[in-house]
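Presented below is the structure to which this report refers.
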Amino acid sequence: MTELHQQLQGLWLPLITPFRDGELDVASLRRLVRHYAGGPIDGLILGATSGEGMSLSMGELEGLVSVVLAELTANSRQLPICLGLSGASTARMKETLDDTCDWPISGYLIASPYYTRPSQRGLLQHFNALADHAAAPIVLYNIPYRTAVNLTNETLLALAAHQNIVGMKDCCADRAQSIDFLNRRPAGFRVLTGEDAQTFDALSDGADGAILLSAHLETKTFAAIRTLLQQGNRDAAQAAWRSVAGLTRLLFAEPSPAPAKHWLWRQGLIDSPEVRLPMVEVSEDLATWLDAEIERRATVLQPA
């Protein structure tokens with residue numbers, strides 16, 4: 001097993017990328033890392049969907065990795081980091097792997113090619129080519145409602161045989177498919193759910209962990225759900241889940257990560273809720289709902 005094989009479990013955070021006046025907000029980024037480095041997370045994803053990675057230049061992406069690693073080191077927390085990548089051209093993706101091959105990361109989270117809708121044979125060849133080329137292990141990202149193509153379980157099983165493909169972020173939105181793959185996957189191949197609203201079901205079904213935007217908030221509660229399930233305390237796990245289930249819906253009421261950024265801004269963890277076009281900040285109606293929930297949790301619930 002590679003080191004990432006062993007680390008790819010538990011609660012991973014797909015860190016948002018803070019901006020201010022159109023630029024990477026380094027001060028807010030450092031504040032975020034200090035905050036989460038002290039919590040129960042097991043790894044970080046940088047520059048993926050929640051991090052608005054497709055809006056980042058290569059220079060910004062490299063700066064993001066550098067700042068996060070420096071802040072983790074300063075806080076004596078050595079968390080594994082995966083870099084989120086996506087693209088519709090295999091050749092260009094290989095160039096990106098070359099450009100990042102000496103970055104101090106643990107691996108890559110790579111989504112299926114978007115828009116082009118390749119066949120399963122095409123997907124198999126695409127990911128095998130990237131895995132052959134990559135200097136660090138790859139975690140597959142199956143999210144057909146964004147990429148318009150689903151990695152079938154037969155394709156996933158074929159890809160899982162590659163020694164440089166170590167796991168998957170599962171957002172197929174089909175519980176039957178997910179359970180079938182969990183039952184058939186090879187030993188050691190990690191599966192982390194990325195469906196925030198289905199976290200409890202996925203962990204109950206045997207997923208090794210979760211990659212959750214929602215875990216920016218109530219982080220301890222999200223981490224506790226898996227721990228309690230592992231301990232066989234399903235009732236307590238379900239109670240913990242009920243306390244955050246509504247949050248997973250509220251944070252996706254408008255395109256992510258704008259709602260989460262609004263929340264983090266109100267909490268003072270970032271200096272601006274700014275997102276980059278074509279993303280826009282939350283509507284006035286949603287801002288009102290978010291603010292009300294922030295106040296309710298501050299006065300009624302125990303902080304995470």
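Scheme for the structure tokens: letters A, B, ... for chains in order shown; per-chain residue numbers from 1; ligand numbers from 1 in order shown.
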
For this session: Tell me, as a PyMOL selection string, which residues lie within 12 Å of A:Arg121, counting only C-alpha atoms; anything in the same chain fewer than 3 positions away does not count.
Result: chain A and resi 117-118+124-128+151-152+154-156+158-159

Okay, now the selection with N, CA, C and O atoms, as an mmCIF file, in the first residue's frame?
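Result went into result27.cif, see below:
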```
data_model
loop_
_atom_site.group_PDB
_atom_site.id
_atom_site.type_symbol
_atom_site.label_atom_id
_atom_site.label_comp_id
_atom_site.auth_asym_id
_atom_site.auth_seq_id
_atom_site.Cartn_x
_atom_site.Cartn_y
_atom_site.Cartn_z
ATOM 1 N N ARG A 117 -18.305 13.569 -22.787
ATOM 2 C CA ARG A 117 -19.100 12.357 -22.605
ATOM 3 C C ARG A 117 -18.460 11.140 -23.286
ATOM 4 O O ARG A 117 -19.076 10.495 -24.148
ATOM 5 N N PRO A 118 -17.240 10.766 -22.897
ATOM 6 C CA PRO A 118 -16.603 9.597 -23.506
ATOM 7 C C PRO A 118 -17.298 8.302 -23.107
ATOM 8 O O PRO A 118 -18.037 8.242 -22.116
ATOM 9 N N LEU A 124 -11.813 4.448 -19.300
ATOM 10 C CA LEU A 124 -10.808 3.500 -18.821
ATOM 11 C C LEU A 124 -9.424 3.877 -19.345
ATOM 12 O O LEU A 124 -8.440 3.927 -18.587
ATOM 13 N N GLN A 125 -9.335 4.172 -20.618
ATOM 14 C CA GLN A 125 -8.040 4.523 -21.203
ATOM 15 C C GLN A 125 -7.547 5.874 -20.671
ATOM 16 O O GLN A 125 -6.341 6.056 -20.430
ATOM 17 N N HIS A 126 -8.468 6.819 -20.485
ATOM 18 C CA HIS A 126 -8.108 8.141 -19.970
ATOM 19 C C HIS A 126 -7.467 8.029 -18.590
ATOM 20 O O HIS A 126 -6.357 8.529 -18.350
ATOM 21 N N PHE A 127 -8.149 7.373 -17.666
ATOM 22 C CA PHE A 127 -7.642 7.292 -16.302
ATOM 23 C C PHE A 127 -6.402 6.410 -16.200
ATOM 24 O O PHE A 127 -5.492 6.700 -15.408
ATOM 25 N N ASN A 128 -6.343 5.359 -16.982
ATOM 26 C CA ASN A 128 -5.132 4.534 -16.985
ATOM 27 C C ASN A 128 -3.932 5.330 -17.487
ATOM 28 O O ASN A 128 -2.822 5.222 -16.950
ATOM 29 N N LEU A 151 -18.996 6.782 -14.236
ATOM 30 C CA LEU A 151 -18.079 5.640 -14.228
ATOM 31 C C LEU A 151 -18.859 4.436 -13.707
ATOM 32 O O LEU A 151 -19.270 4.399 -12.540
ATOM 33 N N THR A 152 -19.097 3.449 -14.554
ATOM 34 C CA THR A 152 -19.827 2.269 -14.117
ATOM 35 C C THR A 152 -18.956 1.445 -13.176
ATOM 36 O O THR A 152 -17.731 1.589 -13.132
ATOM 37 N N GLU A 154 -18.171 -1.655 -13.405
ATOM 38 C CA GLU A 154 -17.211 -2.501 -14.127
ATOM 39 C C GLU A 154 -15.965 -1.696 -14.502
ATOM 40 O O GLU A 154 -14.834 -2.192 -14.396
ATOM 41 N N THR A 155 -16.176 -0.454 -14.922
ATOM 42 C CA THR A 155 -15.029 0.407 -15.235
ATOM 43 C C THR A 155 -14.240 0.728 -13.969
ATOM 44 O O THR A 155 -13.004 0.698 -13.965
ATOM 45 N N LEU A 156 -14.944 1.018 -12.894
ATOM 46 C CA LEU A 156 -14.275 1.316 -11.628
ATOM 47 C C LEU A 156 -13.445 0.134 -11.141
ATOM 48 O O LEU A 156 -12.318 0.301 -10.663
ATOM 49 N N ALA A 158 -12.089 -2.175 -12.969
ATOM 50 C CA ALA A 158 -10.911 -2.284 -13.834
ATOM 51 C C ALA A 158 -9.861 -1.238 -13.440
ATOM 52 O O ALA A 158 -8.659 -1.533 -13.388
ATOM 53 N N LEU A 159 -10.308 -0.029 -13.144
ATOM 54 C CA LEU A 159 -9.377 1.029 -12.750
ATOM 55 C C LEU A 159 -8.769 0.762 -11.378
ATOM 56 O O LEU A 159 -7.606 1.095 -11.125
#
```

For this session: Would you mind listing what lies within 8 Å of A:Leu85 as a PyMOL selection string, with only C-alpha atoms counted and same-chain residues fewer than 5 positions away left out?
Result: chain A and resi 47-48+53+108-111

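Among the candidates A:Leu247, A:Ala176, A:Ala207, A:Ile270, the one nearest to A:Arg34 when counting only C-alpha atoms is A:Ile270.
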
For this session: Would you list the contacts of A:Ser89 as a list in words, taking every protein, DNA or RNA residue within 12 Å and counting only C-alpha atoms, but skipping same-chain residues closer than 2 positions in sequence?
Result: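 So the residues in contact are Leu85, Ser86, Gly87, Ala91, Arg92, Met93, Lys94, Glu95, Thr96, Ala111, Ser112, Pro113, Tyr114, Tyr115, Thr116, Arg117, Pro118, Gly122, Leu123, His126, Phe127, Ala129 and Leu130 of chain A.
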
Problem set entry | Closest of A:Ala239, A:Thr227, A:Leu64, A:Leu213 to A:Trp263 - atom-to-atom distances counting only C-alpha atoms | A:Leu213

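Atom pair atom CA of A:Val26 / atom CA of A:Arg146 has a distance of 28.8 Å (rounded to one decimal).
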
For this session: Identify which of the residues A:Cys82, A:Ala237, A:Leu250, A:Ala27 lies closest to A:Ile138, counting only C-alpha atoms when measuring atom-to-atom distances.
Result: A:Cys82

Exercise. When distances are computed from only C-alpha atoms, which of A:Leu56, A:Leu8, A:Arg242, A:Arg297 shows the smallest separation from A:Gly22?
Worked result: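 Result for the nearest residue to A:Gly22: A:Leu56.
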
For this session: Might you pull out every residue within 9 Å of A:Pro137, with only C-alpha atoms counted and same-chain residues fewer than 6 positions away left off, and present them as a list in words?
Result: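 The residues that qualify are Thr2, Leu4, His5, Ser106, Gly107, Tyr108, Leu109, Ala131, Gln163, Asn164, Ile165 and Val166 of chain A.
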
Could you build a table of the residues in stretch 88-168 of chain A lying no more than 7 Å from stretch 189-195 of chain A, giving for each the nearest pair of atoms and their separation in Å rounded to one decimal place, using only C-alpha atoms, ordered by chain and ascending residue number, as a tab-separated table?
```
residue	atom	partner	partner_atom	distance
A:Ala160	CA	A:Phe189	CA	6.8
A:Val166	CA	A:Phe189	CA	5.6
A:Gly167	CA	A:Arg190	CA	4.3
A:Met168	CA	A:Val191	CA	5.0
```

Exercise. Could you write out, as a ChimeraX atom specification, all the residues of stretch 102-251 of chain A that DSSP marks as strand (DSSP E or B)?
Worked result: /A:107-111,138-142,165-170,190-193,209-211

So that I have them on file, write out the residues from the current selection with N, CA and C atoms, as a CSV table (one decimal), in the first residue's frame.
```csv
chain,number,residue,atom,x,y,z
A,107,GLY,N,-1.3,13.4,-3.4
A,107,GLY,CA,-1.9,12.7,-4.5
A,107,GLY,C,-2.9,13.7,-5.2
A,108,TYR,N,-3.6,13.1,-6.1
A,108,TYR,CA,-4.6,13.9,-6.9
A,108,TYR,C,-6.0,13.4,-6.8
A,109,LEU,N,-6.9,14.3,-6.8
A,109,LEU,CA,-8.4,13.9,-6.9
A,109,LEU,C,-8.8,14.3,-8.3
A,110,ILE,N,-9.1,13.4,-9.2
A,110,ILE,CA,-9.3,13.7,-10.6
A,110,ILE,C,-10.7,13.3,-11.0
A,111,ALA,N,-11.5,14.2,-11.5
A,111,ALA,CA,-12.8,14.0,-12.0
A,111,ALA,C,-12.8,13.5,-13.4
A,138,ILE,N,-3.5,8.6,-7.5
A,138,ILE,CA,-4.8,9.2,-8.0
A,138,ILE,C,-6.0,8.6,-7.2
A,139,VAL,N,-6.9,9.6,-6.9
A,139,VAL,CA,-8.2,9.2,-6.3
A,139,VAL,C,-9.2,9.6,-7.4
A,140,LEU,N,-10.0,8.7,-7.8
A,140,LEU,CA,-11.0,9.0,-8.8
A,140,LEU,C,-12.1,9.8,-8.2
A,141,TYR,N,-12.8,10.6,-9.1
A,141,TYR,CA,-13.9,11.4,-8.6
A,141,TYR,C,-15.0,11.2,-9.6
A,142,ASN,N,-16.0,10.4,-9.1
A,142,ASN,CA,-17.2,10.0,-10.0
A,142,ASN,C,-18.3,10.9,-9.6
A,165,ILE,N,-3.9,3.9,-8.7
A,165,ILE,CA,-5.2,4.5,-8.4
A,165,ILE,C,-5.7,3.8,-7.1
A,166,VAL,N,-5.8,4.7,-6.0
A,166,VAL,CA,-5.9,4.2,-4.7
A,166,VAL,C,-7.3,4.3,-4.1
A,167,GLY,N,-8.2,5.0,-4.7
A,167,GLY,CA,-9.5,5.2,-4.1
A,167,GLY,C,-10.4,6.0,-5.0
A,168,MET,N,-11.6,6.3,-4.4
A,168,MET,CA,-12.6,7.1,-5.1
A,168,MET,C,-13.4,8.0,-4.2
A,169,LYS,N,-13.7,9.2,-4.7
A,169,LYS,CA,-14.7,10.0,-4.1
A,169,LYS,C,-16.0,9.7,-4.9
A,170,ASP,N,-17.0,9.2,-4.1
A,170,ASP,CA,-18.2,8.7,-4.8
A,170,ASP,C,-19.3,9.7,-4.7
A,190,ARG,N,-10.0,2.4,-1.3
A,190,ARG,CA,-10.8,3.3,-0.4
A,190,ARG,C,-11.9,3.9,-1.2
A,191,VAL,N,-13.1,4.1,-0.5
A,191,VAL,CA,-14.2,4.8,-1.0
A,191,VAL,C,-14.7,5.8,0.0
A,192,LEU,N,-14.7,7.1,-0.4
A,192,LEU,CA,-15.2,8.1,0.5
A,192,LEU,C,-16.3,8.8,-0.2
A,193,THR,N,-17.4,9.0,0.5
A,193,THR,CA,-18.6,9.6,-0.1
A,193,THR,C,-18.4,11.1,-0.2
A,209,GLY,N,-15.0,6.8,4.6
A,209,GLY,CA,-15.0,8.1,5.1
A,209,GLY,C,-15.8,9.0,4.2
A,210,ALA,N,-15.5,10.3,4.3
A,210,ALA,CA,-16.3,11.3,3.6
A,210,ALA,C,-15.5,12.5,3.3
A,211,ILE,N,-15.7,13.1,2.1
A,211,ILE,CA,-15.1,14.4,1.7
A,211,ILE,C,-16.3,15.4,1.6
```

For this session: Within 7 Å of A:Ala223, counting only C-alpha atoms, which residues show up once you throw out same-chain ones fewer than 4 positions away? Write them as a PyMOL selection string, please.
Result: chain A and resi 11+40+219+227

Pull C-alpha atoms from the residues just selected and write them as a short mmCIF file (atom, residue, chain, number, x, y, z; two decimals), in the first residue's frame.
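Output saved as result18.cif:
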```cif
data_model
loop_
_atom_site.label_atom_id
_atom_site.label_comp_id
_atom_site.auth_asym_id
_atom_site.auth_seq_id
_atom_site.Cartn_x
_atom_site.Cartn_y
_atom_site.Cartn_z
CA LEU A 11 -13.16 12.98 7.34
CA PRO A 40 -10.69 16.18 13.72
CA THR A 219 -16.68 19.63 12.00
CA THR A 227 -16.56 7.20 14.93
#
```
